[in-house]
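S.K.: I am sharing final34.cif, which consists of mmCIF, C-alpha atoms:
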data_input
loop_
_atom_site.group_PDB
_atom_site.id
_atom_site.type_symbol
_atom_site.label_atom_id
_atom_site.label_comp_id
_atom_site.auth_asym_id
_atom_site.auth_seq_id
_atom_site.Cartn_x
_atom_site.Cartn_y
_atom_site.Cartn_z
ATOM 1 C CA SER L 1 14.548 33.593 -16.677
ATOM 2 C CA GLU L 2 14.049 30.919 -19.344
ATOM 3 C CA PRO L 3 12.260 27.994 -17.670
ATOM 4 C CA TRP L 4 11.641 24.750 -19.460
ATOM 5 C CA GLN L 5 8.081 24.482 -20.704
ATOM 6 C CA THR L 6 7.398 20.741 -20.450
ATOM 7 C CA LEU L 7 8.037 17.715 -18.312
ATOM 8 C CA ALA L 8 9.170 15.975 -21.492
ATOM 9 C CA LYS L 9 12.106 18.392 -21.605
ATOM 10 C CA ALA L 10 12.929 17.587 -17.984
ATOM 11 C CA ASN L 11 12.635 13.842 -18.624
ATOM 12 C CA ALA L 12 15.135 14.067 -21.468
ATOM 13 C CA SER L 13 17.556 16.478 -19.793
ATOM 14 C CA LEU L 14 18.022 15.429 -16.172
ATOM 15 C CA GLY L 15 21.097 13.527 -15.079
ATOM 16 C CA PRO L 16 22.630 12.403 -11.772
ATOM 17 C CA GLY L 17 22.660 15.235 -9.222
ATOM 18 C CA ASP L 18 20.075 17.365 -11.068
ATOM 19 C CA THR L 19 16.878 18.814 -9.586
ATOM 20 C CA VAL L 20 14.004 20.253 -11.606
ATOM 21 C CA ILE L 21 11.570 22.562 -9.789
ATOM 22 C CA VAL L 22 8.067 22.471 -11.244
ATOM 23 C CA ARG L 23 5.908 25.538 -10.738
ATOM 24 C CA ALA L 24 2.130 25.727 -10.271
ATOM 25 C CA GLY L 25 -0.148 24.420 -12.969
ATOM 26 C CA THR L 26 -1.769 21.346 -14.495
ATOM 27 C CA TYR L 27 0.532 19.242 -16.638
ATOM 28 C CA ALA L 28 -1.100 16.765 -19.047
ATOM 29 C CA GLU L 29 2.162 14.860 -19.189
ATOM 30 C CA VAL L 30 3.988 11.969 -17.590
ATOM 31 C CA ILE L 31 7.096 12.013 -15.427
ATOM 32 C CA ARG L 32 9.254 9.353 -17.066
ATOM 33 C CA PRO L 33 12.968 10.155 -16.720
ATOM 34 C CA GLU L 34 15.266 8.835 -19.408
ATOM 35 C CA SER L 35 18.201 8.503 -16.989
ATOM 36 C CA SER L 36 18.755 7.198 -13.470
ATOM 37 C CA GLY L 37 20.486 8.869 -10.594
ATOM 38 C CA ALA L 38 23.941 7.539 -9.806
ATOM 39 C CA SER L 39 23.569 6.968 -6.049
ATOM 40 C CA ALA L 40 21.635 8.090 -2.983
ATOM 41 C CA SER L 41 23.749 11.263 -2.911
ATOM 42 C CA GLU L 42 23.540 11.905 -6.681
ATOM 43 C CA ARG L 43 19.837 11.670 -7.305
ATOM 44 C CA ILE L 44 17.547 12.967 -9.973
ATOM 45 C CA VAL L 45 14.889 15.036 -8.193
ATOM 46 C CA TYR L 46 11.512 16.256 -9.441
ATOM 47 C CA LEU L 47 10.314 18.830 -6.888
ATOM 48 C CA ALA L 48 6.993 20.652 -6.887
ATOM 49 C CA ASN L 49 7.773 24.257 -6.019
ATOM 50 C CA PRO L 50 7.030 24.662 -2.286
ATOM 51 C CA GLY L 51 3.682 26.391 -1.795
ATOM 52 C CA ASP L 52 2.531 25.750 -5.373
ATOM 53 C CA THR L 53 -0.173 23.285 -6.416
ATOM 54 C CA VAL L 54 1.273 21.140 -9.168
ATOM 55 C CA LEU L 55 -1.151 18.660 -10.742
ATOM 56 C CA LEU L 56 0.057 15.840 -12.977
ATOM 57 C CA ALA L 57 -2.846 14.723 -15.166
ATOM 58 C CA GLY L 58 -0.981 12.197 -17.304
ATOM 59 C CA GLY L 59 -0.928 11.678 -21.021
ATOM 60 C CA SER L 60 -3.571 10.336 -23.365
ATOM 61 C CA ASP L 61 -3.158 6.639 -22.550
ATOM 62 C CA GLY L 62 -4.933 6.777 -19.163
ATOM 63 C CA ASP L 63 -2.099 4.824 -17.573
ATOM 64 C CA THR L 64 0.821 5.582 -15.262
ATOM 65 C CA VAL L 65 1.418 9.267 -14.528
ATOM 66 C CA VAL L 66 4.762 8.845 -12.725
ATOM 67 C CA ASP L 67 6.770 6.029 -14.300
ATOM 68 C CA LEU L 68 10.054 4.968 -12.690
ATOM 69 C CA SER L 69 10.268 1.663 -14.545
ATOM 70 C CA GLY L 70 13.875 0.532 -14.675
ATOM 71 C CA LYS L 71 15.110 3.704 -13.004
ATOM 72 C CA ASP L 72 17.167 4.068 -9.824
ATOM 73 C CA PHE L 73 17.751 6.889 -7.319
ATOM 74 C CA VAL L 74 14.947 9.186 -8.477
ATOM 75 C CA THR L 75 12.932 11.349 -6.033
ATOM 76 C CA ILE L 76 9.390 12.580 -6.750
ATOM 77 C CA ASP L 77 8.347 15.186 -4.180
ATOM 78 C CA GLY L 78 5.177 17.184 -3.628
ATOM 79 C CA PHE L 79 2.962 16.483 -6.660
ATOM 80 C CA HIS L 80 -0.780 15.919 -6.973
ATOM 81 C CA VAL L 81 -1.445 13.001 -9.298
ATOM 82 C CA LYS L 82 -4.828 12.578 -10.945
ATOM 83 C CA GLN L 83 -5.716 10.763 -14.137
ATOM 84 C CA ALA L 84 -7.454 13.006 -16.657
ATOM 85 C CA ALA L 85 -9.088 9.887 -18.143
ATOM 86 C CA PRO L 86 -8.336 6.740 -16.116
ATOM 87 C CA ARG L 87 -8.584 3.408 -17.858
ATOM 88 C CA LEU L 88 -11.928 1.673 -17.498
ATOM 89 C CA ASP L 89 -11.114 -1.668 -19.163
ATOM 90 C CA GLU L 90 -10.687 -3.586 -15.889
ATOM 91 C CA GLY L 91 -6.938 -3.881 -16.507
ATOM 92 C CA ALA L 92 -4.967 -2.909 -13.408
ATOM 93 C CA PHE L 93 -2.594 0.049 -13.565
ATOM 94 C CA ALA L 94 -0.712 2.260 -11.096
ATOM 95 C CA ASP L 95 -0.814 6.047 -11.057
ATOM 96 C CA ILE L 96 2.741 5.988 -9.669
ATOM 97 C CA THR L 97 4.941 3.063 -10.767
ATOM 98 C CA VAL L 98 8.232 2.175 -9.085
ATOM 99 C CA ARG L 99 10.411 -0.535 -10.558
ATOM 100 C CA GLY L 100 13.990 0.067 -9.501
ATOM 101 C CA THR L 101 16.336 0.733 -6.593
ATOM 102 C CA GLY L 102 16.648 3.622 -4.161
ATOM 103 C CA ASN L 103 13.656 5.620 -5.420
ATOM 104 C CA VAL L 104 11.663 7.997 -3.190
ATOM 105 C CA ILE L 105 7.987 8.991 -3.544
ATOM 106 C CA ARG L 106 7.356 11.724 -0.982
ATOM 107 C CA ASN L 107 4.547 14.180 -0.137
ATOM 108 C CA CYS L 108 2.463 13.248 -3.182
ATOM 109 C CA SER L 109 -1.301 12.760 -3.351
ATOM 110 C CA VAL L 110 -3.519 10.501 -5.431
ATOM 111 C CA VAL L 111 -7.144 11.368 -4.710
ATOM 112 C CA ASN L 112 -10.240 10.460 -6.727
ATOM 113 C CA ASP L 113 -13.219 12.791 -7.087
ATOM 114 C CA VAL L 114 -15.637 9.872 -6.706
ATOM 115 C CA SER L 115 -15.788 7.128 -4.096
ATOM 116 C CA ALA L 116 -13.785 3.947 -4.465
ATOM 117 C CA GLY L 117 -17.011 2.010 -4.978
ATOM 118 C CA GLU L 118 -18.142 4.280 -7.803
ATOM 119 C CA SER L 119 -14.711 4.082 -9.424
ATOM 120 C CA PHE L 120 -14.711 0.283 -9.202
ATOM 121 C CA ASP L 121 -18.244 0.031 -10.603
ATOM 122 C CA ALA L 122 -17.160 2.178 -13.549
ATOM 123 C CA GLY L 123 -14.424 -0.363 -14.367
ATOM 124 C CA SER L 124 -11.324 1.264 -12.890
ATOM 125 C CA ARG L 125 -8.647 -0.998 -11.319
ATOM 126 C CA GLU L 126 -6.334 1.730 -10.118
ATOM 127 C CA PHE L 127 -3.391 1.325 -7.740
ATOM 128 C CA GLY L 128 -2.313 4.594 -6.140
ATOM 129 C CA ILE L 129 1.369 3.625 -5.812
ATOM 130 C CA GLY L 130 2.762 0.341 -7.108
ATOM 131 C CA VAL L 131 6.223 -0.993 -6.242
ATOM 132 C CA PHE L 132 6.627 -3.804 -8.739
ATOM 133 C CA ALA L 133 10.298 -4.714 -8.234
ATOM 134 C CA GLY L 134 13.479 -3.362 -6.720
ATOM 135 C CA GLU L 135 15.255 -2.682 -3.473
ATOM 136 C CA ASP L 136 15.432 0.066 -0.855
ATOM 137 C CA ASN L 137 12.548 2.199 -2.138
ATOM 138 C CA LEU L 138 10.799 4.715 0.163
ATOM 139 C CA LEU L 139 7.152 5.866 0.150
ATOM 140 C CA GLU L 140 6.800 8.669 2.696
ATOM 141 C CA GLY L 141 4.223 11.293 3.577
ATOM 142 C CA ASN L 142 1.875 10.520 0.697
ATOM 143 C CA ARG L 143 -1.927 10.542 0.595
ATOM 144 C CA VAL L 144 -3.898 7.983 -1.424
ATOM 145 C CA ASP L 145 -7.703 8.064 -1.245
ATOM 146 C CA GLY L 146 -10.463 6.447 -3.267
ATOM 147 C CA VAL L 147 -8.583 4.060 -5.571
ATOM 148 C CA TRP L 148 -8.720 0.266 -5.954
ATOM 149 C CA ILE L 149 -5.671 -0.438 -3.737
ATOM 150 C CA GLY L 150 -3.757 2.347 -1.996
ATOM 151 C CA VAL L 151 -0.223 0.888 -2.126
ATOM 152 C CA ILE L 152 0.625 -2.459 -3.687
ATOM 153 C CA ILE L 153 3.964 -4.227 -3.312
ATOM 154 C CA PHE L 154 4.769 -6.974 -5.819
ATOM 155 C CA ASN L 155 7.719 -9.289 -5.729
ATOM 156 C CA PRO L 156 10.620 -9.178 -6.099
ATOM 157 C CA SER L 157 10.592 -6.316 -3.619
ATOM 158 C CA LEU L 158 13.192 -6.040 -0.887
ATOM 159 C CA ARG L 159 13.391 -3.487 1.920
ATOM 160 C CA THR L 160 10.576 -1.169 0.819
ATOM 161 C CA THR L 161 9.734 1.387 3.530
ATOM 162 C CA ILE L 162 6.160 2.711 3.699
ATOM 163 C CA ARG L 163 6.133 5.500 6.292
ATOM 164 C CA CYS L 164 3.801 8.263 7.466
ATOM 165 C CA ASN L 165 1.277 7.915 4.638
ATOM 166 C CA SER L 166 -2.483 8.500 4.763
ATOM 167 C CA LEU L 167 -4.227 5.625 2.937
ATOM 168 C CA ARG L 168 -7.975 5.912 3.330
ATOM 169 C CA ALA L 169 -11.284 4.967 1.732
ATOM 170 C CA ASN L 170 -9.744 2.715 -0.918
ATOM 171 C CA TYR L 171 -11.749 -0.140 -2.441
ATOM 172 C CA LEU L 172 -9.765 -3.240 -1.445
ATOM 173 C CA ASP L 173 -6.797 -2.628 0.839
ATOM 174 C CA ALA L 174 -4.799 0.309 2.123
ATOM 175 C CA ILE L 175 -1.614 -1.761 1.587
ATOM 176 C CA ARG L 176 -1.359 -5.121 -0.171
ATOM 177 C CA PHE L 177 1.696 -7.354 -0.424
ATOM 178 C CA GLU L 178 1.284 -9.577 -3.486
ATOM 179 C CA SER L 179 4.077 -12.114 -3.302
ATOM 180 C CA ARG L 180 5.258 -15.090 -5.299
ATOM 181 C CA LYS L 181 8.220 -17.372 -4.626
ATOM 182 C CA ASN L 182 9.364 -15.834 -1.348
ATOM 183 C CA LEU L 183 10.610 -12.586 -2.815
ATOM 184 C CA ILE L 184 9.193 -9.965 -0.438
ATOM 185 C CA ALA L 185 11.431 -9.404 2.578
ATOM 186 C CA GLY L 186 12.732 -6.693 4.851
ATOM 187 C CA ASP L 187 9.894 -4.232 4.294
ATOM 188 C CA ILE L 188 8.823 -1.726 6.968
ATOM 189 C CA VAL L 189 5.285 -0.349 7.349
ATOM 190 C CA GLU L 190 5.270 2.319 10.055
ATOM 191 C CA GLN L 191 3.316 5.326 11.299
ATOM 192 C CA ASN L 192 0.688 5.170 8.558
ATOM 193 C CA ASP L 193 -3.012 6.019 8.857
ATOM 194 C CA MET L 194 -4.936 3.185 7.161
ATOM 195 C CA GLY L 195 -8.698 3.259 7.353
ATOM 196 C CA GLU L 196 -12.120 2.817 5.796
ATOM 197 C CA SER L 197 -11.205 0.304 3.097
ATOM 198 C CA TYR L 198 -14.425 -0.355 1.232
ATOM 199 C CA ILE L 199 -14.524 -4.182 1.193
ATOM 200 C CA SER L 200 -11.226 -5.495 2.537
ATOM 201 C CA ASP L 201 -8.264 -4.851 4.844
ATOM 202 C CA GLY L 202 -5.839 -2.337 6.248
ATOM 203 C CA VAL L 203 -2.755 -4.450 5.471
ATOM 204 C CA GLN L 204 -3.178 -7.631 3.466
ATOM 205 C CA PHE L 205 -0.579 -10.195 2.544
ATOM 206 C CA ASN L 206 -1.512 -12.472 -0.338
ATOM 207 C CA GLY L 207 0.490 -15.680 -0.528
ATOM 208 C CA ASP L 208 1.445 -17.651 -3.602
ATOM 209 C CA PHE L 209 -1.967 -18.939 -4.653
ATOM 210 C CA ASP L 210 -0.457 -20.509 -7.787
ATOM 211 C CA LEU L 211 1.093 -23.203 -5.610
ATOM 212 C CA PRO L 212 -0.542 -26.634 -5.433
ATOM 213 C CA ALA L 213 -2.626 -27.161 -2.302
ATOM 214 C CA GLU L 214 -0.029 -29.255 -0.483
ATOM 215 C CA GLU L 215 2.614 -26.544 -0.962
ATOM 216 C CA LEU L 216 0.240 -23.671 -0.190
ATOM 217 C CA ALA L 217 -0.139 -25.056 3.318
ATOM 218 C CA GLU L 218 3.598 -24.372 3.848
ATOM 219 C CA ASP L 219 3.834 -21.153 1.858
ATOM 220 C CA ALA L 220 5.745 -18.206 3.308
ATOM 221 C CA SER L 221 5.987 -15.800 0.398
ATOM 222 C CA SER L 222 6.447 -12.685 2.548
ATOM 223 C CA CYS L 223 9.016 -12.792 5.342
ATOM 224 C CA GLY L 224 10.735 -10.394 7.672
ATOM 225 C CA VAL L 225 8.262 -7.497 7.364
ATOM 226 C CA ILE L 226 7.753 -5.064 10.266
ATOM 227 C CA ILE L 227 4.345 -3.441 10.813
ATOM 228 C CA ARG L 228 4.594 -0.976 13.669
ATOM 229 C CA ARG L 229 3.034 2.142 15.174
ATOM 230 C CA ASN L 230 0.267 2.436 12.579
ATOM 231 C CA ARG L 231 -3.363 3.441 13.051
ATOM 232 C CA ILE L 232 -5.484 0.735 11.367
ATOM 233 C CA TRP L 233 -9.182 1.424 11.705
ATOM 234 C CA GLY L 234 -12.651 1.170 10.232
ATOM 235 C CA ASN L 235 -11.833 -1.300 7.474
ATOM 236 C CA ALA L 236 -14.597 -3.466 6.049
ATOM 237 C CA GLU L 237 -12.872 -6.742 6.833
ATOM 238 C CA ASN L 238 -9.634 -7.073 8.845
ATOM 239 C CA GLY L 239 -6.957 -4.824 10.232
ATOM 240 C CA VAL L 240 -3.984 -7.040 9.287
ATOM 241 C CA ASP L 241 -4.273 -10.314 7.322
ATOM 242 C CA LEU L 242 -1.085 -12.395 7.416
ATOM 243 C CA LYS L 243 -1.616 -14.932 4.609
ATOM 244 C CA GLY L 244 1.531 -16.657 3.386
ATOM 245 C CA THR L 245 3.899 -15.026 5.881
ATOM 246 C CA CYS L 246 6.738 -15.848 8.236
ATOM 247 C CA HIS L 247 8.803 -13.808 10.678
ATOM 248 C CA ILE L 248 6.421 -10.835 10.547
ATOM 249 C CA LEU L 249 6.556 -8.432 13.490
ATOM 250 C CA VAL L 250 3.281 -6.602 14.242
ATOM 251 C CA GLU L 251 3.886 -4.243 17.161
ATOM 252 C CA GLU L 252 2.591 -1.090 18.816
ATOM 253 C CA ASN L 253 -0.266 -0.567 16.386
ATOM 254 C CA LEU L 254 -3.649 0.924 17.245
ATOM 255 C CA VAL L 255 -6.217 -1.390 15.610
ATOM 256 C CA TYR L 256 -9.885 -0.578 16.096
ATOM 257 C CA ALA L 257 -13.395 -0.499 14.578
ATOM 258 C CA ASN L 258 -12.752 -3.126 11.911
ATOM 259 C CA VAL L 259 -16.296 -4.452 12.080
ATOM 260 C CA GLY L 260 -17.624 -5.038 8.580
ATOM 261 C CA ASP L 261 -17.801 -7.902 6.123
ATOM 262 C CA ASN L 262 -16.055 -8.400 2.795
ATOM 263 C CA ASP L 263 -19.111 -7.283 0.843
ATOM 264 C CA GLY L 264 -18.743 -3.764 2.213
ATOM 265 C CA THR L 265 -21.576 -4.032 4.723
ATOM 266 C CA THR L 266 -21.491 -3.762 8.491
ATOM 267 C CA LYS L 267 -22.245 -6.914 10.468
ATOM 268 C CA ILE L 268 -21.640 -6.667 14.165
ATOM 269 C CA ALA L 269 -22.054 -9.422 16.718
ATOM 270 C CA GLU L 270 -25.840 -9.638 16.691
ATOM 271 C CA SER L 271 -26.146 -10.277 12.966
ATOM 272 C CA CYS L 272 -23.118 -12.594 12.985
ATOM 273 C CA SER L 273 -24.827 -14.798 15.561
ATOM 274 C CA ASP L 274 -27.869 -14.978 13.287
ATOM 275 C CA THR L 275 -25.746 -16.345 10.444
ATOM 276 C CA PRO L 276 -22.983 -18.368 12.101
ATOM 277 C CA ASN L 277 -21.471 -19.558 8.811
ATOM 278 C CA ASP L 278 -21.007 -15.998 7.561
ATOM 279 C CA ARG L 279 -17.372 -14.836 7.575
ATOM 280 C CA CYS L 280 -18.421 -11.618 9.307
ATOM 281 C CA GLY L 281 -14.933 -10.172 8.889
ATOM 282 C CA GLY L 282 -13.603 -7.522 11.172
ATOM 283 C CA THR L 283 -10.795 -9.323 13.010
ATOM 284 C CA ALA L 284 -8.012 -7.003 14.087
ATOM 285 C CA ILE L 285 -5.049 -9.301 13.334
ATOM 286 C CA MET L 286 -5.528 -12.696 11.719
ATOM 287 C CA LEU L 287 -4.690 -15.312 9.090
ATOM 288 C CA GLY L 288 -6.958 -15.729 6.066
ATOM 289 C CA SER L 289 -8.493 -19.115 5.413
ATOM 290 C CA GLY L 290 -6.743 -21.751 3.313
ATOM 291 C CA THR L 291 -3.247 -20.336 3.771
ATOM 292 C CA SER L 292 -0.322 -20.651 6.145
ATOM 293 C CA ALA L 293 1.657 -18.305 8.360
ATOM 294 C CA ARG L 294 4.354 -19.208 10.846
ATOM 295 C CA ASP L 295 6.736 -17.715 13.373
ATOM 296 C CA ASN L 296 5.065 -14.306 13.541
ATOM 297 C CA ILE L 297 5.246 -12.020 16.570
ATOM 298 C CA ILE L 298 2.231 -9.936 17.652
ATOM 299 C CA ARG L 299 3.089 -7.694 20.607
ATOM 300 C CA ARG L 300 2.206 -4.443 22.357
ATOM 301 C CA ASN L 301 -0.752 -3.613 20.124
ATOM 302 C CA VAL L 302 -3.946 -1.933 21.326
ATOM 303 C CA VAL L 303 -6.935 -3.773 19.846
ATOM 304 C CA TYR L 304 -10.495 -2.672 20.551
ATOM 305 C CA ASP L 305 -14.006 -2.387 19.096
ATOM 306 C CA ASN L 306 -13.398 -4.902 16.289
ATOM 307 C CA SER L 307 -15.650 -7.839 15.519
ATOM 308 C CA GLY L 308 -12.765 -10.082 16.605
ATOM 309 C CA GLY L 309 -9.490 -9.407 18.373
ATOM 310 C CA ILE L 310 -6.422 -11.499 17.498
ATOM 311 C CA LEU L 311 -6.577 -14.911 15.821
ATOM 312 C CA THR L 312 -3.530 -16.901 16.918
ATOM 313 C CA ILE L 313 -2.095 -20.145 15.552
ATOM 314 C CA ASP L 314 0.745 -22.487 16.437
ATOM 315 C CA SER L 315 4.237 -20.950 16.280
ATOM 316 C CA TRP L 316 2.951 -17.374 16.663
ATOM 317 C CA ARG L 317 4.077 -15.451 19.728
ATOM 318 C CA VAL L 318 1.329 -13.163 20.968
ATOM 319 C CA TYR L 319 2.025 -11.174 24.118
ATOM 320 C CA ASN L 320 1.668 -7.846 25.919
ATOM 321 C CA ASN L 321 -1.277 -6.703 23.794
ATOM 322 C CA THR L 322 -4.284 -4.798 25.137
ATOM 323 C CA ILE L 323 -7.403 -6.495 23.734
ATOM 324 C CA VAL L 324 -10.692 -5.022 24.943
ATOM 325 C CA ALA L 325 -14.329 -4.505 23.918
ATOM 326 C CA ASN L 326 -14.279 -6.575 20.749
ATOM 327 C CA ASN L 327 -17.707 -7.788 19.738
ATOM 328 C CA ARG L 328 -16.945 -11.448 19.132
ATOM 329 C CA ASP L 329 -13.559 -12.760 20.384
#
What would you get if you wrote out this structure as structure tokens?
M.R.:
Amino acid sequence: SEPWQTLAKANASLGPGDTVIVRAGTYAEVIRPESSGASASERIVYLANPGDTVLLAGGSDGDTVVDLSGKDFVTIDGFHVKQAAPRLDEGAFADITVRGTGNVIRNCSVVNDVSAGESFDAGSREFGIGVFAGEDNLLEGNRVDGVWIGVIIFNPSLRTTIRCNSLRANYLDAIRFESRKNLIAGDIVEQNDMGESYISDGVQFNGDFDLPAEELAEDASSCGVIIRRNRIWGNAENGVDLKGTCHILVEENLVYANVGDNDGTTKIAESCSDTPNDRCGGTAIMLGSGTSARDNIIRRNVVYDNSGGILTIDSWRVYNNTIVANNRD
């Protein structure tokens, strides 16, 4: 009978075990709880009222709209997130920021009105969801379309699960692991739909490029990640790029129609043969140039209609895949 009027009130009031239900409307505010939950069973929960459209438009700073920096055991469920005035200064920011342990981002959407290319040209460097540190965080059932990078995982990040999300038509990658000093491990990427990245990959691992060249050749900044049962399709460069990895399991994915180049254009076999030194992109599963990857397992994937199939190197185990009708290899 006397509902709270603002998210600021909820941010200041919620404690372990509390749930706030947010009814329909547009809220020019930020979710930024002042407290953490106590455990997985005593969470703080922000829940969009089922059946209502609840839009979070952020504050006046054009930065993060959901900010879980330094907070643990918080659930955000069912919100639409859209910057009223996203930053255009070429500084990177995340619409949803996670920096803590045991947090859940579920059934949320981050969707731009304009294409990823138009947003990038305007100066926006927008991550949909960024996990910048922490352990045992879950991203599940979300939709991220038309931003710079759909989901980005920075180190130190342990045991992040990215499950059943739709990550499409983003500028660089659907998912990027950005690791330094071997601090990404135990992550699971499963049952996601990752397609139509504008100039880059479905899943990209970036190794520790700050290392000197002799150490970069042995780098394994991301280890023990499982990529399974995803649909990875139509990206402008590669399906999965395993730079700086070890002990990665890539299994039972459907990887197809990755046939473009990293300038956002389409270059199938005929044009690649005309310019043999062109990268040409479009390999289903591969290792980017100038980096290392070791002891990875690639098995039981279906790979078709890409510019290239699977690029293998020493110490990788590649078996029981179906690799057909790729234009180059």
S.K.: Please return as a list in words every residue within 10 Å of (12.8, -1.0, -9.9), taking into account all atoms listed in the file and the file's own coordinates.
M.R.: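 Checking each residue against the 10 Å limit leaves Leu68, Ser69, Gly70, Lys71, Asp72, Phe73, Thr97, Val98, Arg99, Gly100, Thr101, Gly102, Asn103, Val131, Phe132, Ala133, Gly134, Glu135, Asp136, Asn137, Pro156 and Ser157 of chain L.
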S.K.: In Å, rounded to a single decimal, give me how far CA of Asn235 in chain L is from CA of Asp201 in chain L.
M.R.: 5.7 Å
S.K.: Counting all atoms listed in the file, which residues of range 205-254 of chain L sit at most 10 Å from some atom of range 172-186 of chain L, and what is each one's closest atom pair with its distance in Å to one decimal, listed by chain and rising residue number, as JSON lines?
M.R.:
{"residue": "L:Phe205", "atom": "CA", "partner": "L:Phe177", "partner_atom": "CA", "distance": 4.7}
{"residue": "L:Asn206", "atom": "CA", "partner": "L:Glu178", "partner_atom": "CA", "distance": 5.1}
{"residue": "L:Gly207", "atom": "CA", "partner": "L:Ser179", "partner_atom": "CA", "distance": 5.8}
{"residue": "L:Asp208", "atom": "CA", "partner": "L:Arg180", "partner_atom": "CA", "distance": 4.9}
{"residue": "L:Phe209", "atom": "CA", "partner": "L:Arg180", "partner_atom": "CA", "distance": 8.2}
{"residue": "L:Asp210", "atom": "CA", "partner": "L:Arg180", "partner_atom": "CA", "distance": 8.3}
{"residue": "L:Leu211", "atom": "CA", "partner": "L:Arg180", "partner_atom": "CA", "distance": 9.1}
{"residue": "L:Asp219", "atom": "CA", "partner": "L:Asn182", "partner_atom": "CA", "distance": 8.3}
{"residue": "L:Ala220", "atom": "CA", "partner": "L:Asn182", "partner_atom": "CA", "distance": 6.4}
{"residue": "L:Ser221", "atom": "CA", "partner": "L:Asn182", "partner_atom": "CA", "distance": 3.8}
{"residue": "L:Ser222", "atom": "CA", "partner": "L:Ile184", "partner_atom": "CA", "distance": 4.9}
{"residue": "L:Cys223", "atom": "CA", "partner": "L:Ala185", "partner_atom": "CA", "distance": 5.0}
{"residue": "L:Gly224", "atom": "CA", "partner": "L:Gly186", "partner_atom": "CA", "distance": 5.1}
{"residue": "L:Val225", "atom": "CA", "partner": "L:Gly186", "partner_atom": "CA", "distance": 5.2}
{"residue": "L:Ile226", "atom": "CA", "partner": "L:Gly186", "partner_atom": "CA", "distance": 7.5}
{"residue": "L:Ile232", "atom": "CA", "partner": "L:Ala174", "partner_atom": "CA", "distance": 9.3}
{"residue": "L:Asn235", "atom": "CA", "partner": "L:Asp173", "partner_atom": "CA", "distance": 8.4}
{"residue": "L:Ala236", "atom": "CA", "partner": "L:Leu172", "partner_atom": "CA", "distance": 8.9}
{"residue": "L:Glu237", "atom": "CA", "partner": "L:Asp173", "partner_atom": "CA", "distance": 9.5}
{"residue": "L:Asn238", "atom": "CA", "partner": "L:Asp173", "partner_atom": "CA", "distance": 9.6}
{"residue": "L:Gly239", "atom": "CA", "partner": "L:Asp173", "partner_atom": "CA", "distance": 9.6}
{"residue": "L:Val240", "atom": "CA", "partner": "L:Ile175", "partner_atom": "CA", "distance": 9.6}
{"residue": "L:Asp241", "atom": "CA", "partner": "L:Arg176", "partner_atom": "CA", "distance": 9.6}
{"residue": "L:Leu242", "atom": "CA", "partner": "L:Phe177", "partner_atom": "CA", "distance": 9.7}
{"residue": "L:Lys243", "atom": "CA", "partner": "L:Phe177", "partner_atom": "CA", "distance": 9.7}
{"residue": "L:Gly244", "atom": "CA", "partner": "L:Ser179", "partner_atom": "CA", "distance": 8.5}
{"residue": "L:Thr245", "atom": "CA", "partner": "L:Asn182", "partner_atom": "CA", "distance": 9.1}
{"residue": "L:Cys246", "atom": "CA", "partner": "L:Ala185", "partner_atom": "CA", "distance": 9.8}
{"residue": "L:His247", "atom": "CA", "partner": "L:Ala185", "partner_atom": "CA", "distance": 9.6}
{"residue": "L:Ile248", "atom": "CA", "partner": "L:Gly186", "partner_atom": "CA", "distance": 9.5}
S.K.: Produce a file of the selected residues containing C-alpha atoms, as a short mmCIF file (atom, residue, chain, number, x, y, z; two decimals), keeping the file's coordinate frame.
M.R.:
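The result, stored in result22.cif:
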data_model
loop_
_atom_site.label_atom_id
_atom_site.label_comp_id
_atom_site.auth_asym_id
_atom_site.auth_seq_id
_atom_site.Cartn_x
_atom_site.Cartn_y
_atom_site.Cartn_z
CA PHE L 205 -0.58 -10.20 2.54
CA ASN L 206 -1.51 -12.47 -0.34
CA GLY L 207 0.49 -15.68 -0.53
CA ASP L 208 1.44 -17.65 -3.60
CA PHE L 209 -1.97 -18.94 -4.65
CA ASP L 210 -0.46 -20.51 -7.79
CA LEU L 211 1.09 -23.20 -5.61
CA ASP L 219 3.83 -21.15 1.86
CA ALA L 220 5.74 -18.21 3.31
CA SER L 221 5.99 -15.80 0.40
CA SER L 222 6.45 -12.68 2.55
CA CYS L 223 9.02 -12.79 5.34
CA GLY L 224 10.74 -10.39 7.67
CA VAL L 225 8.26 -7.50 7.36
CA ILE L 226 7.75 -5.06 10.27
CA ILE L 232 -5.48 0.74 11.37
CA ASN L 235 -11.83 -1.30 7.47
CA ALA L 236 -14.60 -3.47 6.05
CA GLU L 237 -12.87 -6.74 6.83
CA ASN L 238 -9.63 -7.07 8.85
CA GLY L 239 -6.96 -4.82 10.23
CA VAL L 240 -3.98 -7.04 9.29
CA ASP L 241 -4.27 -10.31 7.32
CA LEU L 242 -1.08 -12.40 7.42
CA LYS L 243 -1.62 -14.93 4.61
CA GLY L 244 1.53 -16.66 3.39
CA THR L 245 3.90 -15.03 5.88
CA CYS L 246 6.74 -15.85 8.24
CA HIS L 247 8.80 -13.81 10.68
CA ILE L 248 6.42 -10.84 10.55
#
S.K.: Suppose a student applies the PyMOL selection byres ((chain L and resi 110-127) around 9) to this structure; what residues should they get, written as number ranges by chain?
M.R.: L: 79-83, 86-96, 108-109, 128-130, 142-152, 169-172, 197-198
S.K.: For this structure, which residues satisfy the selection - the PyMOL selection byres ((chain L and resi 27) around 12) - when it is evaluated on the file as given? I want them as a PyMOL selection string.
M.R.: chain L and resi 5-8+22-26+28-31+48+53-60+65-66+79-84
